[in-house]
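File shown: structure.pdb (PDB, C-alpha atoms).
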ATOM      1  CA  MET A  30     107.796  55.735-139.666
ATOM      2  CA  LYS A  31     110.299  54.291-137.224
ATOM      3  CA  THR A  32     113.810  55.580-137.800
ATOM      4  CA  THR A  33     115.078  52.010-137.761
ATOM      5  CA  GLU A  34     112.803  51.209-140.720
ATOM      6  CA  ALA A  35     113.557  54.333-142.756
ATOM      7  CA  ASP A  36     115.238  54.011-146.151
ATOM      8  CA  SER A  37     119.012  53.831-146.182
ATOM      9  CA  TYR A  38     120.907  56.963-147.154
ATOM     10  CA  TYR A  39     122.527  54.803-149.836
ATOM     11  CA  ASN A  40     121.012  53.115-152.864
ATOM     12  CA  HIS A  41     122.052  50.694-155.591
ATOM     13  CA  LEU A  42     124.239  48.848-153.087
ATOM     14  CA  GLU A  43     124.649  45.934-155.483
ATOM     15  CA  GLN A  44     126.412  48.278-157.906
ATOM     16  CA  MET A  45     129.026  49.406-155.390
ATOM     17  CA  SER A  46     132.536  47.986-155.364
ATOM     18  CA  VAL A  47     133.705  46.164-152.255
ATOM     19  CA  ILE A  48     135.790  49.157-151.167
ATOM     20  CA  GLU A  49     132.775  51.430-151.580
ATOM     21  CA  LEU A  50     130.614  49.094-149.508
ATOM     22  CA  LEU A  51     133.184  48.843-146.732
ATOM     23  CA  THR A  52     133.888  52.572-146.697
ATOM     24  CA  ASN A  53     130.221  53.505-146.544
ATOM     25  CA  ILE A  54     129.405  50.954-143.835
ATOM     26  CA  ASN A  55     132.305  52.302-141.806
ATOM     27  CA  LYS A  56     131.120  55.860-142.400
ATOM     28  CA  GLU A  57     127.749  54.974-140.890
ATOM     29  CA  ASP A  58     129.332  53.051-138.009
ATOM     30  CA  LYS A  59     131.298  56.145-136.985
ATOM     31  CA  THR A  60     128.035  57.899-136.100
ATOM     32  CA  VAL A  61     127.027  55.314-133.489
ATOM     33  CA  PRO A  62     129.242  56.410-130.552
ATOM     34  CA  LEU A  63     128.013  59.978-130.993
ATOM     35  CA  ALA A  64     124.423  58.783-130.699
ATOM     36  CA  VAL A  65     125.328  56.786-127.595
ATOM     37  CA  GLU A  66     126.986  59.854-126.076
ATOM     38  CA  LYS A  67     123.687  61.724-126.193
ATOM     39  CA  ALA A  68     122.082  58.964-124.119
ATOM     40  CA  ILE A  69     124.651  58.971-121.297
ATOM     41  CA  PRO A  70     122.337  60.835-118.857
ATOM     42  CA  GLN A  71     119.698  58.145-119.400
ATOM     43  CA  ILE A  72     122.268  55.382-118.979
ATOM     44  CA  GLU A  73     123.543  56.958-115.760
ATOM     45  CA  LYS A  74     120.102  56.943-114.152
ATOM     46  CA  LEU A  75     119.544  53.281-114.956
ATOM     47  CA  VAL A  76     123.012  52.213-113.801
ATOM     48  CA  ASN A  77     122.537  53.927-110.439
ATOM     49  CA  GLU A  78     119.276  52.053-109.899
ATOM     50  CA  ILE A  79     120.783  48.708-110.900
ATOM     51  CA  VAL A  80     123.714  49.152-108.517
ATOM     52  CA  ILE A  81     121.292  49.714-105.631
ATOM     53  CA  ARG A  82     119.393  46.541-106.430
ATOM     54  CA  LEU A  83     122.384  44.286-106.989
ATOM     55  CA  SER A  84     123.949  45.626-103.793
ATOM     56  CA  ASN A  85     120.858  44.429-101.953
ATOM     57  CA  GLY A  86     120.739  40.917-103.361
ATOM     58  CA  GLY A  87     118.846  41.630-106.563
ATOM     59  CA  ARG A  88     119.618  40.484-110.085
ATOM     60  CA  LEU A  89     119.805  42.046-113.531
ATOM     61  CA  PHE A  90     117.794  40.571-116.401
ATOM     62  CA  TYR A  91     118.101  41.385-120.095
ATOM     63  CA  ILE A  92     115.146  40.401-122.252
ATOM     64  CA  GLY A  93     114.883  40.703-126.019
ATOM     65  CA  ALA A  94     114.212  38.994-129.338
ATOM     66  CA  GLY A  95     116.495  38.215-132.269
ATOM     67  CA  THR A  96     119.726  40.206-132.388
ATOM     68  CA  SER A  97     118.701  42.227-129.341
ATOM     69  CA  GLY A  98     118.114  39.095-127.282
ATOM     70  CA  ARG A  99     121.413  37.586-128.388
ATOM     71  CA  LEU A 100     123.322  40.718-127.418
ATOM     72  CA  GLY A 101     121.803  40.589-123.943
ATOM     73  CA  ILE A 102     122.782  36.951-123.569
ATOM     74  CA  VAL A 103     126.348  37.712-124.663
ATOM     75  CA  ASP A 104     126.687  40.493-122.104
ATOM     76  CA  ALA A 105     125.165  38.420-119.309
ATOM     77  CA  SER A 106     127.307  35.377-120.079
ATOM     78  CA  GLU A 107     130.516  37.401-119.915
ATOM     79  CA  CYS A 108     129.929  38.841-116.436
ATOM     80  CA  PRO A 109     130.849  35.720-114.385
ATOM     81  CA  PRO A 110     134.215  35.024-116.080
ATOM     82  CA  THR A 111     135.151  38.699-116.268
ATOM     83  CA  TYR A 112     134.119  39.800-112.793
ATOM     84  CA  GLY A 113     133.859  36.579-110.809
ATOM     85  CA  ILE A 114     130.192  36.991-109.935
ATOM     86  CA  ALA A 115     127.964  33.960-109.549
ATOM     87  CA  HIS A 116     126.008  32.687-112.512
ATOM     88  CA  GLY A 117     122.437  33.841-112.131
ATOM     89  CA  ILE A 118     123.202  37.421-111.076
ATOM     90  CA  VAL A 119     123.042  38.765-114.632
ATOM     91  CA  ILE A 120     120.674  36.771-116.837
ATOM     92  CA  GLY A 121     119.885  37.081-120.542
ATOM     93  CA  LEU A 122     116.556  35.882-121.941
ATOM     94  CA  ILE A 123     115.564  35.614-125.604
ATOM     95  CA  ALA A 124     112.186  35.095-127.243
ATOM     96  CA  GLY A 125     112.025  31.483-128.386
ATOM     97  CA  GLY A 126     114.413  30.215-125.716
ATOM     98  CA  ASP A 127     117.910  28.821-126.163
ATOM     99  CA  GLU A 128     117.098  27.517-129.652
ATOM    100  CA  ALA A 129     116.692  31.133-130.781
ATOM    101  CA  ILE A 130     120.288  31.952-129.872
ATOM    102  CA  ARG A 131     121.456  30.138-132.995
ATOM    103  CA  LYS A 132     118.504  30.394-135.348
ATOM    104  CA  ALA A 133     115.319  32.414-135.653
ATOM    105  CA  VAL A 134     112.172  31.023-134.033
ATOM    106  CA  GLU A 135     109.156  32.116-136.055
ATOM    107  CA  PHE A 136     106.803  34.593-134.377
ATOM    108  CA  ALA A 137     108.431  34.144-130.949
ATOM    109  CA  GLU A 138     108.790  37.903-130.588
ATOM    110  CA  ASP A 139     105.034  38.363-131.033
ATOM    111  CA  ASP A 140     104.075  36.285-127.990
ATOM    112  CA  LEU A 141     102.461  38.520-125.342
ATOM    113  CA  GLN A 142     102.647  35.965-122.534
ATOM    114  CA  GLN A 143     105.984  34.220-122.851
ATOM    115  CA  GLY A 144     108.246  37.080-121.737
ATOM    116  CA  TRP A 145     106.750  37.177-118.259
ATOM    117  CA  LEU A 146     106.625  33.378-118.117
ATOM    118  CA  ASP A 147     110.345  33.275-118.937
ATOM    119  CA  LEU A 148     111.066  35.743-116.131
ATOM    120  CA  LYS A 149     108.898  33.785-113.699
ATOM    121  CA  GLN A 150     111.012  30.686-114.314
ATOM    122  CA  HIS A 151     113.779  32.610-112.525
ATOM    123  CA  ASN A 152     111.512  33.658-109.655
ATOM    124  CA  ILE A 153     111.610  37.321-110.655
ATOM    125  CA  ASN A 154     110.876  39.632-107.714
ATOM    126  CA  ASN A 155     110.881  43.286-106.724
ATOM    127  CA  LYS A 156     114.571  43.222-105.787
ATOM    128  CA  ASP A 157     115.460  42.659-109.446
ATOM    129  CA  ALA A 158     115.915  44.905-112.476
ATOM    130  CA  VAL A 159     114.810  44.083-116.032
ATOM    131  CA  ILE A 160     116.128  45.772-119.174
ATOM    132  CA  GLY A 161     114.155  45.265-122.364
ATOM    133  CA  ILE A 162     116.259  45.373-125.526
ATOM    134  CA  ALA A 163     114.610  46.072-128.880
ATOM    135  CA  ALA A 164     115.947  48.265-131.662
ATOM    136  CA  SER A 165     112.421  48.995-132.862
ATOM    137  CA  GLY A 166     111.055  49.582-129.378
ATOM    138  CA  SER A 167     107.907  47.739-130.412
ATOM    139  CA  THR A 168     108.603  44.037-129.763
ATOM    140  CA  PRO A 169     105.464  42.551-128.122
ATOM    141  CA  TYR A 170     107.367  39.852-126.203
ATOM    142  CA  VAL A 171     109.456  42.532-124.498
ATOM    143  CA  ILE A 172     106.795  45.193-123.978
ATOM    144  CA  ALA A 173     104.327  42.804-122.381
ATOM    145  CA  ALA A 174     107.012  41.526-120.020
ATOM    146  CA  LEU A 175     107.959  45.052-118.981
ATOM    147  CA  LYS A 176     104.329  45.956-118.329
ATOM    148  CA  LYS A 177     103.971  42.963-116.044
ATOM    149  CA  CYS A 178     107.217  43.877-114.283
ATOM    150  CA  ASN A 179     105.784  47.324-113.556
ATOM    151  CA  GLU A 180     102.688  45.711-112.064
ATOM    152  CA  GLU A 181     104.913  43.573-109.827
ATOM    153  CA  SER A 182     107.132  46.521-108.763
ATOM    154  CA  VAL A 183     110.170  45.219-110.633
ATOM    155  CA  LEU A 184     112.518  47.964-111.877
ATOM    156  CA  THR A 185     112.241  48.381-115.655
ATOM    157  CA  GLY A 186     114.603  49.909-118.192
ATOM    158  CA  CYS A 187     115.095  49.513-121.924
ATOM    159  CA  ILE A 188     117.461  50.101-124.829
ATOM    160  CA  SER A 189     115.782  51.264-128.043
ATOM    161  CA  CYS A 190     116.995  52.884-131.237
ATOM    162  CA  ASN A 191     113.790  54.816-131.972
ATOM    163  CA  SER A 192     112.564  57.858-130.097
ATOM    164  CA  GLY A 193     109.153  57.804-128.439
ATOM    165  CA  SER A 194     108.700  54.039-128.694
ATOM    166  CA  GLU A 195     106.059  52.036-126.852
ATOM    167  CA  MET A 196     108.801  50.137-125.047
ATOM    168  CA  ALA A 197     110.293  53.374-123.758
ATOM    169  CA  ALA A 198     106.853  54.509-122.629
ATOM    170  CA  VAL A 199     106.400  51.443-120.414
ATOM    171  CA  SER A 200     109.945  51.563-118.986
ATOM    172  CA  LYS A 201     110.730  53.505-115.840
ATOM    173  CA  PHE A 202     114.277  54.187-117.066
ATOM    174  CA  PRO A 203     114.343  54.190-120.888
ATOM    175  CA  ILE A 204     117.490  54.574-122.956
ATOM    176  CA  GLU A 205     116.995  55.762-126.528
ATOM    177  CA  VAL A 206     119.970  55.720-128.906
ATOM    178  CA  VAL A 207     118.731  56.995-132.263
ATOM    179  CA  VAL A 208     121.313  55.962-134.848
ATOM    180  CA  GLY A 209     119.243  56.698-137.945
ATOM    181  CA  PRO A 210     118.542  54.506-140.979
ATOM    182  CA  GLU A 211     120.622  51.379-141.454
ATOM    183  CA  PHE A 212     123.027  50.955-144.381
ATOM    184  CA  VAL A 213     120.842  48.083-145.542
ATOM    185  CA  THR A 214     117.312  49.344-144.898
ATOM    186  CA  GLY A 215     115.857  47.806-141.740
ATOM    187  CA  SER A 216     118.910  45.645-140.949
ATOM    188  CA  THR A 217     119.068  46.562-137.272
ATOM    189  CA  ARG A 218     121.844  44.080-136.554
ATOM    190  CA  MET A 219     124.115  46.788-137.974
ATOM    191  CA  LYS A 220     124.174  50.287-136.388
ATOM    192  CA  SER A 221     121.380  49.543-133.937
ATOM    193  CA  GLY A 222     123.061  46.335-132.821
ATOM    194  CA  THR A 223     126.367  48.151-132.409
ATOM    195  CA  ALA A 224     124.673  50.837-130.321
ATOM    196  CA  GLN A 225     122.995  48.242-128.117
ATOM    197  CA  LYS A 226     126.303  46.423-127.580
ATOM    198  CA  LEU A 227     128.042  49.662-126.602
ATOM    199  CA  VAL A 228     125.304  50.532-124.116
ATOM    200  CA  LEU A 229     125.310  47.029-122.634
ATOM    201  CA  ASN A 230     129.092  47.253-122.220
ATOM    202  CA  MET A 231     128.662  50.571-120.417
ATOM    203  CA  ILE A 232     125.919  49.284-118.138
ATOM    204  CA  SER A 233     127.502  46.011-117.029
ATOM    205  CA  THR A 234     131.017  47.433-116.736
ATOM    206  CA  SER A 235     129.895  50.446-114.698
ATOM    207  CA  VAL A 236     127.719  48.292-112.449
ATOM    208  CA  MET A 237     130.512  45.809-111.771
ATOM    209  CA  ILE A 238     133.012  48.568-111.014
ATOM    210  CA  LYS A 239     130.596  50.189-108.553
ATOM    211  CA  LEU A 240     130.054  46.776-106.932
ATOM    212  CA  GLY A 241     133.793  46.578-106.263
ATOM    213  CA  ARG A 242     134.647  43.994-108.897
ATOM    214  CA  VAL A 243     137.523  46.059-110.330
ATOM    215  CA  LYS A 244     140.540  47.332-108.399
ATOM    216  CA  GLY A 245     142.505  50.137-110.008
ATOM    217  CA  ASN A 246     141.809  49.140-113.589
ATOM    218  CA  LYS A 247     142.212  45.387-113.190
ATOM    219  CA  MET A 248     139.725  42.480-113.210
ATOM    220  CA  VAL A 249     140.902  41.134-109.860
ATOM    221  CA  ASP A 250     138.020  38.639-109.564
ATOM    222  CA  MET A 251     138.201  37.182-113.077
ATOM    223  CA  GLN A 252     137.853  33.425-113.400
ATOM    224  CA  LEU A 253     141.078  31.605-114.251
ATOM    225  CA  SER A 254     139.490  29.624-117.040
ATOM    226  CA  ASN A 255     142.405  29.360-119.467
ATOM    227  CA  ASN A 256     146.176  29.726-119.664
ATOM    228  CA  LYS A 257     145.990  33.283-120.989
ATOM    229  CA  LEU A 258     144.011  34.423-117.960
ATOM    230  CA  VAL A 259     146.281  32.547-115.541
ATOM    231  CA  ASP A 260     149.266  34.305-117.117
ATOM    232  CA  ARG A 261     147.518  37.679-116.918
ATOM    233  CA  GLY A 262     146.560  37.028-113.303
ATOM    234  CA  ALA A 263     150.078  36.026-112.290
ATOM    235  CA  LYS A 264     151.497  39.222-113.780
ATOM    236  CA  MET A 265     148.790  41.286-112.075
ATOM    237  CA  LEU A 266     149.668  39.616-108.781
ATOM    238  CA  MET A 267     153.360  40.385-109.252
ATOM    239  CA  LYS A 268     152.555  44.024-109.913
ATOM    240  CA  ASN A 269     150.192  44.246-106.931
ATOM    241  CA  THR A 270     152.545  42.653-104.430
ATOM    242  CA  GLY A 271     156.047  43.288-105.718
ATOM    243  CA  MET A 272     156.658  39.544-106.126
ATOM    244  CA  GLU A 273     159.538  38.956-108.508
ATOM    245  CA  ASN A 274     159.255  35.231-109.207
ATOM    246  CA  TYR A 275     156.647  34.455-111.858
ATOM    247  CA  GLU A 276     156.270  30.780-110.958
ATOM    248  CA  GLU A 277     155.738  31.598-107.290
ATOM    249  CA  ALA A 278     153.120  34.184-108.226
ATOM    250  CA  LYS A 279     151.386  31.716-110.517
ATOM    251  CA  ALA A 280     151.341  29.036-107.822
ATOM    252  CA  LEU A 281     149.911  31.459-105.257
ATOM    253  CA  LEU A 282     147.272  32.590-107.754
ATOM    254  CA  LEU A 283     146.171  29.037-108.545
ATOM    255  CA  LYS A 284     146.078  28.155-104.863
ATOM    256  CA  HIS A 285     143.697  31.002-103.994
ATOM    257  CA  GLY A 286     141.728  31.148-107.265
ATOM    258  CA  SER A 287     141.724  34.885-107.935
ATOM    259  CA  VAL A 288     144.065  37.867-108.021
ATOM    260  CA  ARG A 289     142.154  39.501-105.183
ATOM    261  CA  LYS A 290     142.366  36.522-102.829
ATOM    262  CA  ALA A 291     145.992  35.813-103.722
ATOM    263  CA  THR A 292     146.934  39.451-103.092
ATOM    264  CA  GLU A 293     145.167  39.442 -99.753
ATOM    265  CA  ALA A 294     146.880  36.208 -98.725
ATOM    266  CA  TYR A 295     150.303  37.536 -99.677
ATOM    267  CA  THR A 296     149.926  40.856 -97.873
ATOM    268  CA  LYS A 297     148.585  39.437 -94.588
TER
END

Structure re-expressed in structure tokens:
Amino acid sequence: MKTTEADSYYNHLEQMSVIELLTNINKEDKTVPLAVEKAIPQIEKLVNEIVIRLSNGGRLFYIGAGTSGRLGIVDASECPPTYGIAHGIVIGLIAGGDEAIRKAVEFAEDDLQQGWLDLKQHNINNKDAVIGIAASGSTPYVIAALKKCNEESVLTGCISCNSGSEMAAVSKFPIEVVVGPEFVTGSTRMKSGTAQKLVLNMISTSVMIKLGRVKGNKMVDMQLSNNKLVDRGAKMLMKNTGMENYEEAKALLLKHGSVRKATEAYTK
């Protein structure tokens, strides 16, 4: 039996008090980072390969179904505003298309053809990298797409929460984070979803840092898409340059559009 489908360590959940439910969920959640830690060598190998490809004009695709697909889309969508990269460099795909982001599309994850068709819509090529995301490691939509990627010499990786899964077997750089049974049996949006989110954070953040999108510990290329980020950027600019007037720093930032460009303009 898949670990993700194994019976919860807890029973009679409906008889627990709210504090017991919360405490026990939290107890299980605490085990997730430890499981992720064991997978760091696998994550490192995949990150190194992705950096090479993105440095040479390639792209990073996440592909999944249900919760896994949504997590990939979230991570992909946050890369442009956080790191100032163009839309279309990191792309999230979900079985069932955009409709499935908000509600389940019946049997979409069982389609053996659609995953590759979805990738082809983005002109997938051998410069790119594709990460399959599936807690079970057995989602047909994802596995079939990864197999086709291998045939087309596209780099493949995956994030699974079972050991020895079929998805891992067809991935050149598999990541397996075995978190054990869920608090609610089979509810992989819980520990498995948390593990996948942590790994996705690690992958995209590490890749963007290695691509030069962070200076020191600051997001110097972030998009100035709201007042909070403009304020943060102005203060970053003041710290970087020694500027003392906030309004002047803010004006320079807005003129050049990013902390990096404003800093370079000031120091020339």

Residues returned when the PyMOL selection byres ((chain A and resi 167) around 6) runs on this file, as a PyMOL selection string: chain A and resi 165-166+168+195-196

Selection result of the PyMOL selection byres ((chain A and resi 223) around 12) on this file, as a PyMOL selection string: chain A and resi 55+57-62+64-65+96-97+100+164+188-190+206-208+211+216-222+224-230

Create the file for the chosen residues now, containing C-alpha atoms and written as a short mmCIF file (atom, residue, chain, number, x, y, z; two decimals), in the frame of the given file.
data_model
loop_
_atom_site.label_atom_id
_atom_site.label_comp_id
_atom_site.auth_asym_id
_atom_site.auth_seq_id
_atom_site.Cartn_x
_atom_site.Cartn_y
_atom_site.Cartn_z
CA ASN A 55 132.30 52.30 -141.81
CA GLU A 57 127.75 54.97 -140.89
CA ASP A 58 129.33 53.05 -138.01
CA LYS A 59 131.30 56.14 -136.99
CA THR A 60 128.04 57.90 -136.10
CA VAL A 61 127.03 55.31 -133.49
CA PRO A 62 129.24 56.41 -130.55
CA ALA A 64 124.42 58.78 -130.70
CA VAL A 65 125.33 56.79 -127.60
CA THR A 96 119.73 40.21 -132.39
CA SER A 97 118.70 42.23 -129.34
CA LEU A 100 123.32 40.72 -127.42
CA ALA A 164 115.95 48.26 -131.66
CA ILE A 188 117.46 50.10 -124.83
CA SER A 189 115.78 51.26 -128.04
CA CYS A 190 117.00 52.88 -131.24
CA VAL A 206 119.97 55.72 -128.91
CA VAL A 207 118.73 57.00 -132.26
CA VAL A 208 121.31 55.96 -134.85
CA GLU A 211 120.62 51.38 -141.45
CA SER A 216 118.91 45.64 -140.95
CA THR A 217 119.07 46.56 -137.27
CA ARG A 218 121.84 44.08 -136.55
CA MET A 219 124.12 46.79 -137.97
CA LYS A 220 124.17 50.29 -136.39
CA SER A 221 121.38 49.54 -133.94
CA GLY A 222 123.06 46.34 -132.82
CA ALA A 224 124.67 50.84 -130.32
CA GLN A 225 123.00 48.24 -128.12
CA LYS A 226 126.30 46.42 -127.58
CA LEU A 227 128.04 49.66 -126.60
CA VAL A 228 125.30 50.53 -124.12
CA LEU A 229 125.31 47.03 -122.63
CA ASN A 230 129.09 47.25 -122.22
#

Could you give me, as a tab-separated table, a per-residue list for range 35-83 of chain A showing, wherever an atom lies at most 10 Å from an atom of range 239-253 of chain A, the closest pair of atoms and their distance in Å to one decimal, using only C-alpha atoms and sorting by chain then residue number from low to high?
residue	atom	partner	partner_atom	distance
A:Val76	CA	A:Lys239	CA	9.4
A:Asn77	CA	A:Lys239	CA	9.1
A:Val80	CA	A:Leu240	CA	7.0
A:Ile81	CA	A:Leu240	CA	9.3
A:Leu83	CA	A:Leu240	CA	8.1

Excluding Ala94 in chain A and residues on its chain fewer than 2 positions from it, collect all residues at most 9 Å away from it, counting only C-alpha atoms, and give them as a PDB file with C-alpha atoms, in the frame of the given file.
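What landed in around.pdb:
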ATOM      1  CA  ILE A  92     115.146  40.401-122.252  1.00  0.00           C
ATOM      2  CA  THR A  96     119.726  40.206-132.388  1.00  0.00           C
ATOM      3  CA  SER A  97     118.701  42.227-129.341  1.00  0.00           C
ATOM      4  CA  GLY A  98     118.114  39.095-127.282  1.00  0.00           C
ATOM      5  CA  ARG A  99     121.413  37.586-128.388  1.00  0.00           C
ATOM      6  CA  LEU A 122     116.556  35.882-121.941  1.00  0.00           C
ATOM      7  CA  ILE A 123     115.564  35.614-125.604  1.00  0.00           C
ATOM      8  CA  ALA A 124     112.186  35.095-127.243  1.00  0.00           C
ATOM      9  CA  GLY A 125     112.025  31.483-128.386  1.00  0.00           C
ATOM     10  CA  ALA A 129     116.692  31.133-130.781  1.00  0.00           C
ATOM     11  CA  ALA A 137     108.431  34.144-130.949  1.00  0.00           C
ATOM     12  CA  GLU A 138     108.790  37.903-130.588  1.00  0.00           C
ATOM     13  CA  ILE A 162     116.259  45.373-125.526  1.00  0.00           C
ATOM     14  CA  ALA A 163     114.610  46.072-128.880  1.00  0.00           C
ATOM     15  CA  THR A 168     108.603  44.037-129.763  1.00  0.00           C
ATOM     16  CA  TYR A 170     107.367  39.852-126.203  1.00  0.00           C
ATOM     17  CA  VAL A 171     109.456  42.532-124.498  1.00  0.00           C
TER      18      VAL A 171
END

Selection near range 38-44 of chain A, 10 Å with all atoms listed in the file, sequence-local residues under 3 positions removed, as a PyMOL selection string: chain A and resi 35+47+49-50+53-54+57+209-214

Selection dump of the PyMOL selection byres ((chain A and resi 174) around 12), as a PyMOL selection string: chain A and resi 90-93+122-124+138-149+153+159-162+168-173+175-181+183-187+196+199-200

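Interatomic distance, CA of Thr292 in chain A against CA of Tyr112 in chain A: 16.1 Å.
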
Given all atoms listed in the file as the counted atoms, nearest of A:Glu205, A:Glu135, A:Asp127, A:Asp104 to Ile232 in chain A: A:Asp104

Computed interatomic separation between CA of Leu282 in chain A and CA of His116 in chain A (Å):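 The value is 21.8 Å.
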
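As for CA of Ala280 in chain A and CA of Gly262 in chain A, they are spaced 10.8 Å apart.
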
Counting all atoms listed in the file, the option among A:Asp157, A:Glu107, A:Glu66, A:Glu276 closest to Gly87 in chain A: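 Closest residue, counting all atoms listed in the file: A:Asp157.
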
Contacts of Gln71 in chain A within 9 Å, all atoms listed in the file, excl. fewer than 2 positions in-chain, as a list in words: Lys67, Ala68, Ile69, Glu73, Lys74, Leu75, Val76, Phe202, Pro203, Ile204 and Glu205 of chain A

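When only C-alpha atoms are used to measure the gap to Ile130 in chain A, the shortest distance among A:Ile79, A:Val103, A:Ala263, A:Met237 belongs to A:Val103.
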
Polymer residues at most 12 Å from Lys279 in chain A, only C-alpha atoms, same-chain spacing of 2 or more positions, as a list in words: Leu253, Asn256, Lys257, Leu258, Val259, Asp260, Arg261, Gly262, Ala263, Lys264, Met265, Leu266, Met267, Met272, Glu273, Asn274, Tyr275, Glu276, Glu277, Leu281, Leu282, Leu283, Lys284, His285, Gly286, Ser287, Val288, Ala291 and Thr292 of chain A

Size and centre in Å, one decimal, axis-aligned box, all listed range 279-296 of chain A atoms plus 3 Å per side, as lines of an AutoDock Vina configuration file:
center_x = 146.6
center_y = 34.5
center_z = -104.2
size_x = 15.7
size_y = 18.7
size_z = 18.6

May I ask you to restore N, CA and C atoms in range 276-288 of chain A and write the result as a PDB file, in the frame of the given file?
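What follows is the written file out.pdb:
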ATOM      1  N   GLU A 276     156.807  32.095-111.299  1.00  0.00           N
ATOM      2  CA  GLU A 276     156.270  30.780-110.958  1.00  0.00           C
ATOM      3  C   GLU A 276     155.663  30.781-109.556  1.00  0.00           C
ATOM      4  N   GLU A 277     156.287  31.492-108.640  1.00  0.00           N
ATOM      5  CA  GLU A 277     155.738  31.598-107.290  1.00  0.00           C
ATOM      6  C   GLU A 277     154.403  32.352-107.312  1.00  0.00           C
ATOM      7  N   ALA A 278     154.360  33.411-108.114  1.00  0.00           N
ATOM      8  CA  ALA A 278     153.120  34.184-108.226  1.00  0.00           C
ATOM      9  C   ALA A 278     152.019  33.335-108.844  1.00  0.00           C
ATOM     10  N   LYS A 279     152.369  32.577-109.857  1.00  0.00           N
ATOM     11  CA  LYS A 279     151.386  31.716-110.517  1.00  0.00           C
ATOM     12  C   LYS A 279     150.866  30.653-109.552  1.00  0.00           C
ATOM     13  N   ALA A 280     151.747  30.065-108.778  1.00  0.00           N
ATOM     14  CA  ALA A 280     151.341  29.036-107.822  1.00  0.00           C
ATOM     15  C   ALA A 280     150.416  29.614-106.757  1.00  0.00           C
ATOM     16  N   LEU A 281     150.746  30.814-106.268  1.00  0.00           N
ATOM     17  CA  LEU A 281     149.911  31.459-105.257  1.00  0.00           C
ATOM     18  C   LEU A 281     148.540  31.791-105.831  1.00  0.00           C
ATOM     19  N   LEU A 282     148.533  32.252-107.081  1.00  0.00           N
ATOM     20  CA  LEU A 282     147.272  32.590-107.754  1.00  0.00           C
ATOM     21  C   LEU A 282     146.381  31.357-107.887  1.00  0.00           C
ATOM     22  N   LEU A 283     146.952  30.259-108.345  1.00  0.00           N
ATOM     23  CA  LEU A 283     146.171  29.037-108.545  1.00  0.00           C
ATOM     24  C   LEU A 283     145.693  28.460-107.217  1.00  0.00           C
ATOM     25  N   LYS A 284     146.469  28.640-106.181  1.00  0.00           N
ATOM     26  CA  LYS A 284     146.078  28.155-104.863  1.00  0.00           C
ATOM     27  C   LYS A 284     144.833  28.873-104.351  1.00  0.00           C
ATOM     28  N   HIS A 285     144.782  30.198-104.568  1.00  0.00           N
ATOM     29  CA  HIS A 285     143.697  31.002-103.994  1.00  0.00           C
ATOM     30  C   HIS A 285     142.569  31.283-104.988  1.00  0.00           C
ATOM     31  N   GLY A 286     142.804  31.099-106.290  1.00  0.00           N
ATOM     32  CA  GLY A 286     141.728  31.148-107.265  1.00  0.00           C
ATOM     33  C   GLY A 286     141.391  32.494-107.860  1.00  0.00           C
ATOM     34  N   SER A 287     141.965  33.571-107.335  1.00  0.00           N
ATOM     35  CA  SER A 287     141.724  34.885-107.935  1.00  0.00           C
ATOM     36  C   SER A 287     142.849  35.828-107.542  1.00  0.00           C
ATOM     37  N   VAL A 288     143.033  36.867-108.318  1.00  0.00           N
ATOM     38  CA  VAL A 288     144.065  37.867-108.021  1.00  0.00           C
ATOM     39  C   VAL A 288     143.769  38.536-106.685  1.00  0.00           C
TER      40      VAL A 288
END
